[in-house]
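Dropping structure_4.pdb in here (PDB, C-alpha atoms (C1' of nucleotides)):
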ATOM      1  CA  MET A   1       2.161  -4.031 -32.716
ATOM      2  CA  VAL A   2      -0.521  -3.606 -30.166
ATOM      3  CA  CYS A   3      -3.982  -2.601 -31.315
ATOM      4  CA  LYS A   4      -6.056   0.261 -29.979
ATOM      5  CA  ASN A   5      -8.655  -1.819 -28.148
ATOM      6  CA  PHE A   6      -5.959  -3.742 -26.479
ATOM      7  CA  GLU A   7      -4.393  -0.589 -25.130
ATOM      8  CA  GLN A   8      -7.783   0.703 -24.116
ATOM      9  CA  ASN A   9      -8.399  -2.433 -22.097
ATOM     10  CA  TYR A  10      -5.022  -2.165 -20.574
ATOM     11  CA  LYS A  11      -5.681   1.335 -19.298
ATOM     12  CA  GLN A  12      -8.907   0.157 -17.734
ATOM     13  CA  GLU A  13      -7.122  -2.709 -16.062
ATOM     14  CA  MET A  14      -4.534  -0.348 -14.666
ATOM     15  CA  ARG A  15      -7.276   1.776 -13.199
ATOM     16  CA  ALA A  16      -9.015  -1.237 -11.709
ATOM     17  CA  VAL A  17      -5.887  -2.536 -10.074
ATOM     18  CA  GLN A  18      -5.249   0.920  -8.690
ATOM     19  CA  ASP A  19      -8.756   1.030  -7.275
ATOM     20  CA  SER A  20      -8.076  -2.184  -5.421
ATOM     21  CA  MET A  21      -4.798  -1.003  -4.054
ATOM     22  CA  ASP A  22      -6.302   2.288  -2.936
ATOM     23  CA  VAL A  23      -8.599   0.303  -0.707
ATOM     24  CA  LEU A  24      -6.177  -2.367   0.414
ATOM     25  CA  SER A  25      -2.793  -0.762   0.727
ATOM     26  CA  GLY A  26      -1.550   0.800   3.860
ATOM     27  CA  LYS A  27       0.223  -0.915   6.659
ATOM     28  CA  TRP A  28      -2.736  -2.526   8.412
ATOM     29  CA  LYS A  29      -5.786  -3.004   6.177
ATOM     30  CA  ILE A  30      -5.147  -6.568   5.148
ATOM     31  CA  SER A  31      -4.170  -7.628   8.628
ATOM     32  CA  ILE A  32      -7.389  -6.211   9.968
ATOM     33  CA  LEU A  33      -9.428  -7.972   7.329
ATOM     34  CA  SER A  34      -7.566 -11.199   8.034
ATOM     35  CA  SER A  35      -8.223 -10.953  11.717
ATOM     36  CA  ILE A  36     -11.935 -10.375  11.316
ATOM     37  CA  CYS A  37     -12.180 -12.988   8.615
ATOM     38  CA  PHE A  38     -10.374 -15.575  10.701
ATOM     39  CA  TYR A  39     -12.685 -15.180  13.667
ATOM     40  CA  ASN A  40     -15.826 -14.261  11.704
ATOM     41  CA  LYS A  41     -16.809 -11.702  14.310
ATOM     42  CA  ARG A  42     -14.295  -9.757  16.275
ATOM     43  CA  ARG A  43     -14.364  -6.925  18.763
ATOM     44  CA  PHE A  44     -12.270  -3.789  18.601
ATOM     45  CA  SER A  45     -10.012  -4.694  21.485
ATOM     46  CA  ASP A  46      -9.519  -8.206  20.164
ATOM     47  CA  ILE A  47      -8.380  -6.973  16.784
ATOM     48  CA  LEU A  48      -6.108  -4.559  18.582
ATOM     49  CA  ALA A  49      -4.560  -7.516  20.385
ATOM     50  CA  ASP A  50      -4.385  -9.672  17.257
ATOM     51  CA  ILE A  51      -2.281  -7.278  15.319
ATOM     52  CA  ASP A  52       1.180  -6.715  16.606
ATOM     53  CA  GLY A  53       2.174  -3.085  16.775
ATOM     54  CA  ILE A  54      -0.999  -1.358  15.675
ATOM     55  CA  SER A  55      -2.191   1.619  17.699
ATOM     56  CA  ASN A  56      -5.803   2.228  18.636
ATOM     57  CA  LYS A  57      -5.775   5.382  16.580
ATOM     58  CA  MET A  58      -4.803   3.550  13.427
ATOM     59  CA  LEU A  59      -7.154   0.665  14.051
ATOM     60  CA  SER A  60     -10.003   3.073  14.491
ATOM     61  CA  LYS A  61      -9.093   5.000  11.385
ATOM     62  CA  GLU A  62      -8.606   1.958   9.189
ATOM     63  CA  LEU A  63     -11.816   0.324  10.360
ATOM     64  CA  LYS A  64     -13.677   3.452   9.403
ATOM     65  CA  GLU A  65     -12.211   3.396   5.932
ATOM     66  CA  LEU A  66     -13.043  -0.274   5.558
ATOM     67  CA  GLU A  67     -16.572   0.495   6.636
ATOM     68  CA  VAL A  68     -16.894   3.331   4.146
ATOM     69  CA  ASN A  69     -15.696   0.923   1.489
ATOM     70  CA  LYS A  70     -18.337  -1.544   2.587
ATOM     71  CA  LEU A  71     -15.869  -4.254   3.483
ATOM     72  CA  VAL A  72     -16.736  -4.499   7.142
ATOM     73  CA  LYS A  73     -19.900  -4.076   9.120
ATOM     74  CA  ARG A  74     -19.848  -2.445  12.525
ATOM     75  CA  THR A  75     -22.321  -3.434  15.204
ATOM     76  CA  VAL A  76     -22.619  -1.824  18.599
ATOM     77  CA  LEU A  77     -23.592  -4.427  21.153
ATOM     78  CA  ASP A  78     -25.862  -3.569  24.004
ATOM     79  CA  THR A  79     -23.480  -4.453  26.797
ATOM     80  CA  GLN A  80     -22.064  -2.570  29.744
ATOM     81  CA  PRO A  81     -19.639  -1.078  28.914
ATOM     82  CA  VAL A  82     -20.390  -0.928  25.236
ATOM     83  CA  THR A  83     -18.603  -3.375  22.954
ATOM     84  CA  VAL A  84     -18.385  -3.129  19.221
ATOM     85  CA  GLN A  85     -18.290  -6.029  16.863
ATOM     86  CA  TYR A  86     -16.880  -6.091  13.392
ATOM     87  CA  GLU A  87     -17.564  -8.605  10.688
ATOM     88  CA  LEU A  88     -16.948  -8.819   6.971
ATOM     89  CA  THR A  89     -19.694  -7.893   4.574
ATOM     90  CA  LYS A  90     -20.387 -10.039   1.548
ATOM     91  CA  HIS A  91     -18.222  -7.683  -0.427
ATOM     92  CA  GLY A  92     -15.472  -7.978   2.162
ATOM     93  CA  LEU A  93     -15.663 -11.735   2.024
ATOM     94  CA  SER A  94     -15.075 -11.588  -1.700
ATOM     95  CA  LEU A  95     -11.496 -10.661  -0.877
ATOM     96  CA  LYS A  96     -10.842 -14.031   0.665
ATOM     97  CA  THR A  97      -9.187 -15.534  -2.418
ATOM     98  CA  ILE A  98      -6.945 -12.547  -2.854
ATOM     99  CA  ILE A  99      -5.887 -12.623   0.767
ATOM    100  CA  LYS A 100      -5.169 -16.302   0.457
ATOM    101  CA  GLU A 101      -3.036 -15.767  -2.609
ATOM    102  CA  LEU A 102      -1.219 -12.857  -1.063
ATOM    103  CA  THR A 103      -0.457 -15.129   1.860
ATOM    104  CA  ASP A 104       0.932 -17.863  -0.347
ATOM    105  CA  TRP A 105       2.903 -15.435  -2.401
ATOM    106  CA  GLY A 106       4.311 -13.799   0.720
ATOM    107  CA  ILE A 107       5.675 -17.136   1.857
ATOM    108  CA  ARG A 108       7.223 -17.824  -1.519
ATOM    109  CA  HIS A 109       8.629 -14.328  -1.629
ATOM    110  CA  ARG A 110      10.301 -14.697   1.738
ATOM    111  CA  LYS A 111      11.969 -17.852   0.508
ATOM    112  CA  GLU A 112      13.026 -16.148  -2.683
ATOM    113  CA  ILE A 113      14.626 -13.216  -0.917
ATOM    114  CA  ILE A 114      16.031 -14.589   2.312
ATOM    115  CA  GLY A 115      15.852 -18.335   2.101
ATOM    116  CA  LYS A 116      16.943 -20.596  -0.707
TER     117      LYS A 116
ATOM    118  CA  MET B 117     -12.641 -22.439  20.833
ATOM    119  CA  VAL B 118      -9.646 -22.069  18.616
ATOM    120  CA  CYS B 119      -6.697 -24.363  19.200
ATOM    121  CA  LYS B 120      -3.066 -23.322  19.607
ATOM    122  CA  ASN B 121      -1.803 -24.607  16.267
ATOM    123  CA  PHE B 122      -4.572 -22.828  14.528
ATOM    124  CA  GLU B 123      -3.587 -19.536  16.107
ATOM    125  CA  GLN B 124       0.046 -20.201  15.353
ATOM    126  CA  ASN B 125      -0.775 -20.712  11.704
ATOM    127  CA  TYR B 126      -2.839 -17.616  11.686
ATOM    128  CA  LYS B 127       0.030 -15.493  12.980
ATOM    129  CA  GLN B 128       2.244 -16.857  10.238
ATOM    130  CA  GLU B 129      -0.361 -16.068   7.641
ATOM    131  CA  MET B 130      -0.621 -12.546   8.926
ATOM    132  CA  ARG B 131       3.108 -12.147   8.585
ATOM    133  CA  ALA B 132       3.082 -13.579   5.089
ATOM    134  CA  VAL B 133       0.344 -11.285   3.911
ATOM    135  CA  GLN B 134       2.229  -8.372   5.414
ATOM    136  CA  ASP B 135       5.370  -9.402   3.563
ATOM    137  CA  SER B 136       3.454  -9.280   0.316
ATOM    138  CA  MET B 137       1.983  -5.911   1.006
ATOM    139  CA  ASP B 138       5.356  -4.487   2.011
ATOM    140  CA  VAL B 139       6.545  -5.288  -1.472
ATOM    141  CA  LEU B 140       3.427  -4.372  -3.408
ATOM    142  CA  SER B 141       1.873  -1.427  -1.678
ATOM    143  CA  GLY B 142       2.666   2.130  -2.537
ATOM    144  CA  LYS B 143       1.065   4.203  -5.159
ATOM    145  CA  TRP B 144       2.851   2.876  -8.224
ATOM    146  CA  LYS B 145       4.315  -0.601  -7.781
ATOM    147  CA  ILE B 146       1.467  -2.569  -9.262
ATOM    148  CA  SER B 147       1.038  -0.204 -12.148
ATOM    149  CA  ILE B 148       4.697  -0.548 -12.974
ATOM    150  CA  LEU B 149       4.533  -4.304 -12.820
ATOM    151  CA  SER B 150       1.417  -4.282 -14.976
ATOM    152  CA  SER B 151       3.041  -2.116 -17.562
ATOM    153  CA  ILE B 152       6.127  -4.285 -17.854
ATOM    154  CA  CYS B 153       4.056  -7.442 -17.769
ATOM    155  CA  PHE B 154       1.728  -6.226 -20.480
ATOM    156  CA  TYR B 155       4.524  -5.437 -22.904
ATOM    157  CA  ASN B 156       6.943  -8.155 -21.733
ATOM    158  CA  LYS B 157       9.871  -5.809 -22.120
ATOM    159  CA  ARG B 158       9.613  -2.133 -21.574
ATOM    160  CA  ARG B 159      11.980   0.812 -21.463
ATOM    161  CA  PHE B 160      12.174   3.410 -18.725
ATOM    162  CA  SER B 161      10.673   6.194 -20.759
ATOM    163  CA  ASP B 162       7.898   3.966 -22.034
ATOM    164  CA  ILE B 163       6.839   2.992 -18.539
ATOM    165  CA  LEU B 164       6.983   6.643 -17.630
ATOM    166  CA  ALA B 165       4.565   7.353 -20.442
ATOM    167  CA  ASP B 166       2.337   4.383 -19.640
ATOM    168  CA  ILE B 167       1.614   5.477 -16.128
ATOM    169  CA  ASP B 168      -0.380   8.606 -15.773
ATOM    170  CA  GLY B 169       1.016  11.006 -13.225
ATOM    171  CA  ILE B 170       4.169   9.245 -12.121
ATOM    172  CA  SER B 171       7.363  11.277 -11.921
ATOM    173  CA  ASN B 172      10.714  10.042 -13.116
ATOM    174  CA  LYS B 173      11.994  10.214  -9.567
ATOM    175  CA  MET B 174       9.343   7.857  -8.284
ATOM    176  CA  LEU B 175       9.624   5.523 -11.228
ATOM    177  CA  SER B 176      13.335   5.252 -10.711
ATOM    178  CA  LYS B 177      12.938   4.656  -6.998
ATOM    179  CA  GLU B 178      10.193   2.068  -7.334
ATOM    180  CA  LEU B 179      12.019   0.192 -10.070
ATOM    181  CA  LYS B 180      15.028  -0.074  -7.811
ATOM    182  CA  GLU B 181      12.923  -1.521  -5.028
ATOM    183  CA  LEU B 182      11.316  -3.977  -7.406
ATOM    184  CA  GLU B 183      14.762  -4.981  -8.580
ATOM    185  CA  VAL B 184      15.990  -5.491  -5.021
ATOM    186  CA  ASN B 185      12.962  -7.674  -4.449
ATOM    187  CA  LYS B 186      13.847  -9.654  -7.543
ATOM    188  CA  LEU B 187      10.616  -8.891  -9.316
ATOM    189  CA  VAL B 188      12.113  -7.103 -12.290
ATOM    190  CA  LYS B 189      15.323  -7.448 -14.215
ATOM    191  CA  ARG B 190      17.132  -4.415 -15.515
ATOM    192  CA  THR B 191      19.173  -4.563 -18.686
ATOM    193  CA  VAL B 192      21.241  -1.766 -20.118
ATOM    194  CA  LEU B 193      21.152  -1.883 -23.870
ATOM    195  CA  ASP B 194      24.160  -0.950 -25.906
ATOM    196  CA  THR B 195      22.566   1.858 -27.855
ATOM    197  CA  GLN B 196      23.340   5.491 -28.345
ATOM    198  CA  PRO B 197      22.146   7.072 -26.173
ATOM    199  CA  VAL B 198      21.822   4.299 -23.653
ATOM    200  CA  THR B 199      18.416   2.716 -23.195
ATOM    201  CA  VAL B 200      17.398   0.513 -20.310
ATOM    202  CA  GLN B 201      15.003  -2.328 -20.547
ATOM    203  CA  TYR B 202      12.951  -3.812 -17.783
ATOM    204  CA  GLU B 203      11.286  -7.181 -17.716
ATOM    205  CA  LEU B 204       9.709  -9.371 -15.077
ATOM    206  CA  THR B 205      11.720 -12.123 -13.501
ATOM    207  CA  LYS B 206      10.204 -15.543 -12.988
ATOM    208  CA  HIS B 207       9.388 -14.469  -9.484
ATOM    209  CA  GLY B 208       7.800 -11.300 -10.768
ATOM    210  CA  LEU B 209       5.723 -13.249 -13.227
ATOM    211  CA  SER B 210       4.366 -15.311 -10.356
ATOM    212  CA  LEU B 211       2.371 -12.223  -9.386
ATOM    213  CA  LYS B 212       0.322 -12.422 -12.550
ATOM    214  CA  THR B 213      -2.632 -14.235 -10.962
ATOM    215  CA  ILE B 214      -2.755 -11.819  -8.076
ATOM    216  CA  ILE B 215      -2.674  -8.837 -10.373
ATOM    217  CA  LYS B 216      -5.447 -10.378 -12.440
ATOM    218  CA  GLU B 217      -7.592 -10.925  -9.384
ATOM    219  CA  LEU B 218      -6.903  -7.467  -8.061
ATOM    220  CA  THR B 219      -8.038  -6.163 -11.414
ATOM    221  CA  ASP B 220     -11.268  -8.132 -11.331
ATOM    222  CA  TRP B 221     -11.934  -7.211  -7.747
ATOM    223  CA  GLY B 222     -11.256  -3.546  -8.473
ATOM    224  CA  ILE B 223     -13.935  -3.571 -11.132
ATOM    225  CA  ARG B 224     -16.435  -5.236  -8.829
ATOM    226  CA  HIS B 225     -15.499  -2.852  -6.056
ATOM    227  CA  ARG B 226     -16.124   0.173  -8.191
ATOM    228  CA  LYS B 227     -19.562  -1.155  -9.016
ATOM    229  CA  GLU B 228     -20.226  -1.858  -5.353
ATOM    230  CA  ILE B 229     -19.283   1.623  -4.212
ATOM    231  CA  ILE B 230     -20.347   3.921  -6.996
ATOM    232  CA  GLY B 231     -22.386   1.968  -9.436
ATOM    233  CA  LYS B 232     -25.004  -0.669  -8.780
TER     234      LYS B 232
ATOM    235  C1'  DC C 233     -14.494  -0.763  26.108
ATOM    236  C1'  DA C 234     -14.178   1.911  21.989
ATOM    237  C1'  DG C 235     -12.503   5.501  20.339
ATOM    238  C1'  DG C 236     -11.207  10.813  19.841
ATOM    239  C1'  DA C 237      -7.739  14.602  20.479
ATOM    240  C1'  DT C 238      -3.228  16.041  20.323
ATOM    241  C1'  DC C 239       1.473  16.276  19.156
ATOM    242  C1'  DC C 240       5.207  14.664  16.719
ATOM    243  C1'  DT C 241       8.337  12.296  13.163
ATOM    244  C1'  DA C 242       9.339   9.903   9.099
ATOM    245  C1'  DT C 243       8.501   8.934   4.737
ATOM    246  C1'  DA C 244       5.993   9.220   0.391
ATOM    247  C1'  DC C 245       5.417  11.803  -3.195
ATOM    248  C1'  DG C 246       5.463  15.947  -6.529
ATOM    249  C1'  DA C 247       7.935  19.510  -9.429
ATOM    250  C1'  DT C 248      11.699  20.978 -11.500
ATOM    251  C1'  DA C 249      16.350  21.288 -12.859
ATOM    252  C1'  DC C 250      20.523  19.013 -13.983
ATOM    253  C1'  DT C 251      24.078  15.306 -15.954
ATOM    254  C1'  DG C 252      26.720  11.484 -18.433
TER     255       DG C 252
ATOM    256  C1'  DC D 253      17.699   8.390 -22.615
ATOM    257  C1'  DA D 254      17.848   7.230 -17.913
ATOM    258  C1'  DG D 255      18.358   8.673 -14.319
ATOM    259  C1'  DT D 256      20.135  11.992  -9.828
ATOM    260  C1'  DA D 257      19.769  16.102  -6.934
ATOM    261  C1'  DT D 258      17.239  19.290  -4.561
ATOM    262  C1'  DC D 259      13.478  21.334  -2.410
ATOM    263  C1'  DG D 260       9.008  21.373  -0.687
ATOM    264  C1'  DT D 261       4.310  19.487   0.936
ATOM    265  C1'  DA D 262       1.219  16.096   2.459
ATOM    266  C1'  DT D 263       0.106  12.122   4.504
ATOM    267  C1'  DA D 264       0.979   7.936   7.309
ATOM    268  C1'  DG D 265       1.739   6.477  11.328
ATOM    269  C1'  DG D 266       3.425   6.329  16.508
ATOM    270  C1'  DA D 267       2.841   7.665  21.478
ATOM    271  C1'  DT D 268       0.223   9.275  24.887
ATOM    272  C1'  DC D 269      -3.634  10.992  27.227
ATOM    273  C1'  DC D 270      -8.579  11.756  27.600
ATOM    274  C1'  DT D 271     -13.821  10.577  27.713
ATOM    275  C1'  DG D 272     -18.716   8.636  27.581
TER     276       DG D 272
END

Could you show the structure in this file as C-alpha cells?
Amino acid sequence: MVCKNFEQNYKQEMRAVQDSMDVLSGKWKISILSSICFYNKRRFSDILADIDGISNKMLSKELKELEVNKLVKRTVLDTQPVTVQYELTKHGLSLKTIIKELTDWGIRHRKEIIGK
Amino acid sequence: MVCKNFEQNYKQEMRAVQDSMDVLSGKWKISILSSICFYNKRRFSDILADIDGISNKMLSKELKELEVNKLVKRTVLDTQPVTVQYELTKHGLSLKTIIKELTDWGIRHRKEIIGK
DNA sequence: CAGGATCCTATACGATACTG
DNA sequence: CAGTATCGTATAGGATCCTG
C-alpha cells in the first residue's frame, strides 16, 4: 500500500516532468540547444545550416520560445548587415547533463530497436 | 577551428538526441512511463486515472507506441473481465535516470521562470 | 542576414459513443 | 475492463516569398 505523502510527491514529480517536456519537446528544440551549446555562440544562419531540415520559420519560432524560457540569450551584433548571436544562459547550460544522457540513451535505443 | 571528426561526432549526437525525443516527446509519454515505473505494474484503467486529462484513446495509442519501442510490456491477465497489465521492460527502466533528471530540472525551471 | 507573412497539410489531441 | 470507432478542432510544421 502506498501512503498519502508518497502519492502527493508522485503527483508533483509528474507535474515537474511535464514542465520540462513542455519546454523541451517539439521537433527541434533540443537540436537547437545542442547546436548552440556545441559552438558556445552561434548565429541564426549557422544554426539553420547545422540542423538538417529545419525551416527559418521554425528556427525563428523555437528560438523565441527558448528565449522566453530563459534558455538562450539573443544578442544583435552591430555589423552590416545585422547578425544575431545566440548563446545559452546559465539556466540553459544546466540542461547539458540531460542532453548528454538523452544522447547516450538515443544511441542505446537505436541499437535496441534496429541493431542487436 | 573545429576539426572534421569533431563535427562528425556532433552530427551523430544530434541524431541520437533526436531519436530519443522521437520516442519520448508528445504530451503523455513520460507521464505514462512515470506512472508505470512508480507502481512497477499498472493496469490500463489505473494509468488512466493516474494521469490527469488523458483520454482513453490517447492512452491506448501511446501505450502501443511505447510497446513498439520496447519500453513497456503488455500482459493480458486471465481475469473476468479481462484486465491488462503494463510494466517497464529493462530498456524502459533504463530511462529512470533521465526521468529523474527531467523531474529535477522541471522543478528548477519552474523556479527560474515563475518563482525566484 | 535575420526574420515575418502567408498558405497549406498532416498529425496530435479531445469528446463521446460503442463493443467483446 | 480495455480498448476501437468516429468526428471534430487545434496546433505543428513545411514551402515559399517578402523586407529592413

Near chain D, 10 Å: chain B residue rows, closest pairs, only C-alpha atoms (C1' of nucleotides), as JSON lines:
{"residue": "B:Arg159", "atom": "CA", "partner": "D:DA254", "partner_atom": "C1'", "distance": 9.4}
{"residue": "B:Phe160", "atom": "CA", "partner": "D:DA254", "partner_atom": "C1'", "distance": 6.9}
{"residue": "B:Ser161", "atom": "CA", "partner": "D:DC253", "partner_atom": "C1'", "distance": 7.6}
{"residue": "B:Asn172", "atom": "CA", "partner": "D:DG255", "partner_atom": "C1'", "distance": 7.9}
{"residue": "B:Lys173", "atom": "CA", "partner": "D:DG255", "partner_atom": "C1'", "distance": 8.1}
{"residue": "B:Leu175", "atom": "CA", "partner": "D:DG255", "partner_atom": "C1'", "distance": 9.8}
{"residue": "B:Ser176", "atom": "CA", "partner": "D:DG255", "partner_atom": "C1'", "distance": 7.1}
{"residue": "B:Lys177", "atom": "CA", "partner": "D:DG255", "partner_atom": "C1'", "distance": 10.0}
{"residue": "B:Val192", "atom": "CA", "partner": "D:DA254", "partner_atom": "C1'", "distance": 9.9}
{"residue": "B:Thr195", "atom": "CA", "partner": "D:DC253", "partner_atom": "C1'", "distance": 9.7}
{"residue": "B:Gln196", "atom": "CA", "partner": "D:DC253", "partner_atom": "C1'", "distance": 8.5}
{"residue": "B:Pro197", "atom": "CA", "partner": "D:DC253", "partner_atom": "C1'", "distance": 5.8}
{"residue": "B:Val198", "atom": "CA", "partner": "D:DC253", "partner_atom": "C1'", "distance": 5.9}
{"residue": "B:Thr199", "atom": "CA", "partner": "D:DC253", "partner_atom": "C1'", "distance": 5.7}
{"residue": "B:Val200", "atom": "CA", "partner": "D:DA254", "partner_atom": "C1'", "distance": 7.1}

*Select all residues from chain B having any atom no more than 9 Å from an atom of chain C (counting all atoms listed in the file, ignoring ligands), output as a ChimeraX atom specification.*
/B:142-143,170-171,174

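Compared by their closest atoms to chain B, and using only C-alpha atoms, the residues A:Ser94, A:Gly115, A:Lys64, A:Leu88 rank with A:Ser94 nearest.
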
Taking only C-alpha atoms into account and nothing else, which residues of chain A lie no more than 10 Å away from chain B? Please answer as an mmCIF file with C-alpha atoms, keeping the file's coordinate frame.
data_model
loop_
_atom_site.group_PDB
_atom_site.id
_atom_site.type_symbol
_atom_site.label_atom_id
_atom_site.label_comp_id
_atom_site.auth_asym_id
_atom_site.auth_seq_id
_atom_site.Cartn_x
_atom_site.Cartn_y
_atom_site.Cartn_z
ATOM 1 C CA VAL A 2 -0.521 -3.606 -30.166
ATOM 2 C CA GLU A 7 -4.393 -0.589 -25.130
ATOM 3 C CA TYR A 10 -5.022 -2.165 -20.574
ATOM 4 C CA LYS A 11 -5.681 1.335 -19.298
ATOM 5 C CA GLN A 12 -8.907 0.157 -17.734
ATOM 6 C CA GLU A 13 -7.122 -2.709 -16.062
ATOM 7 C CA MET A 14 -4.534 -0.348 -14.666
ATOM 8 C CA ARG A 15 -7.276 1.776 -13.199
ATOM 9 C CA ALA A 16 -9.015 -1.237 -11.709
ATOM 10 C CA VAL A 17 -5.887 -2.536 -10.074
ATOM 11 C CA GLN A 18 -5.249 0.920 -8.690
ATOM 12 C CA ASP A 19 -8.756 1.030 -7.275
ATOM 13 C CA SER A 20 -8.076 -2.184 -5.421
ATOM 14 C CA MET A 21 -4.798 -1.003 -4.054
ATOM 15 C CA ASP A 22 -6.302 2.288 -2.936
ATOM 16 C CA VAL A 23 -8.599 0.303 -0.707
ATOM 17 C CA LEU A 24 -6.177 -2.367 0.414
ATOM 18 C CA SER A 25 -2.793 -0.762 0.727
ATOM 19 C CA GLY A 26 -1.550 0.800 3.860
ATOM 20 C CA LYS A 27 0.223 -0.915 6.659
ATOM 21 C CA TRP A 28 -2.736 -2.526 8.412
ATOM 22 C CA LYS A 29 -5.786 -3.004 6.177
ATOM 23 C CA ILE A 30 -5.147 -6.568 5.148
ATOM 24 C CA SER A 31 -4.170 -7.628 8.628
ATOM 25 C CA ILE A 32 -7.389 -6.211 9.968
ATOM 26 C CA SER A 34 -7.566 -11.199 8.034
ATOM 27 C CA SER A 35 -8.223 -10.953 11.717
ATOM 28 C CA PHE A 38 -10.374 -15.575 10.701
ATOM 29 C CA TYR A 39 -12.685 -15.180 13.667
ATOM 30 C CA ASP A 50 -4.385 -9.672 17.257
ATOM 31 C CA ILE A 51 -2.281 -7.278 15.319
ATOM 32 C CA ASP A 52 1.180 -6.715 16.606
ATOM 33 C CA VAL A 68 -16.894 3.331 4.146
ATOM 34 C CA ASN A 69 -15.696 0.923 1.489
ATOM 35 C CA LYS A 70 -18.337 -1.544 2.587
ATOM 36 C CA LEU A 71 -15.869 -4.254 3.483
ATOM 37 C CA HIS A 91 -18.222 -7.683 -0.427
ATOM 38 C CA GLY A 92 -15.472 -7.978 2.162
ATOM 39 C CA SER A 94 -15.075 -11.588 -1.700
ATOM 40 C CA LEU A 95 -11.496 -10.661 -0.877
ATOM 41 C CA THR A 97 -9.187 -15.534 -2.418
ATOM 42 C CA ILE A 98 -6.945 -12.547 -2.854
ATOM 43 C CA ILE A 99 -5.887 -12.623 0.767
ATOM 44 C CA LYS A 100 -5.169 -16.302 0.457
ATOM 45 C CA GLU A 101 -3.036 -15.767 -2.609
ATOM 46 C CA LEU A 102 -1.219 -12.857 -1.063
ATOM 47 C CA THR A 103 -0.457 -15.129 1.860
ATOM 48 C CA ASP A 104 0.932 -17.863 -0.347
ATOM 49 C CA TRP A 105 2.903 -15.435 -2.401
ATOM 50 C CA GLY A 106 4.311 -13.799 0.720
ATOM 51 C CA ILE A 107 5.675 -17.136 1.857
ATOM 52 C CA ARG A 108 7.223 -17.824 -1.519
ATOM 53 C CA HIS A 109 8.629 -14.328 -1.629
ATOM 54 C CA ARG A 110 10.301 -14.697 1.738
ATOM 55 C CA GLU A 112 13.026 -16.148 -2.683
ATOM 56 C CA ILE A 113 14.626 -13.216 -0.917
#

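With atom CA of A:Gln85 on one side and atom CA of B:Asn125 on the other, the separation reads 23.4 Å.
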
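The gap separating atom CA of B:Leu209 from atom CA of B:Asp162 is 19.5 Å, in Å to one decimal.
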
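We find atom CA of B:Thr191 and atom CA of B:Lys157 to be spaced 10.0 Å apart.
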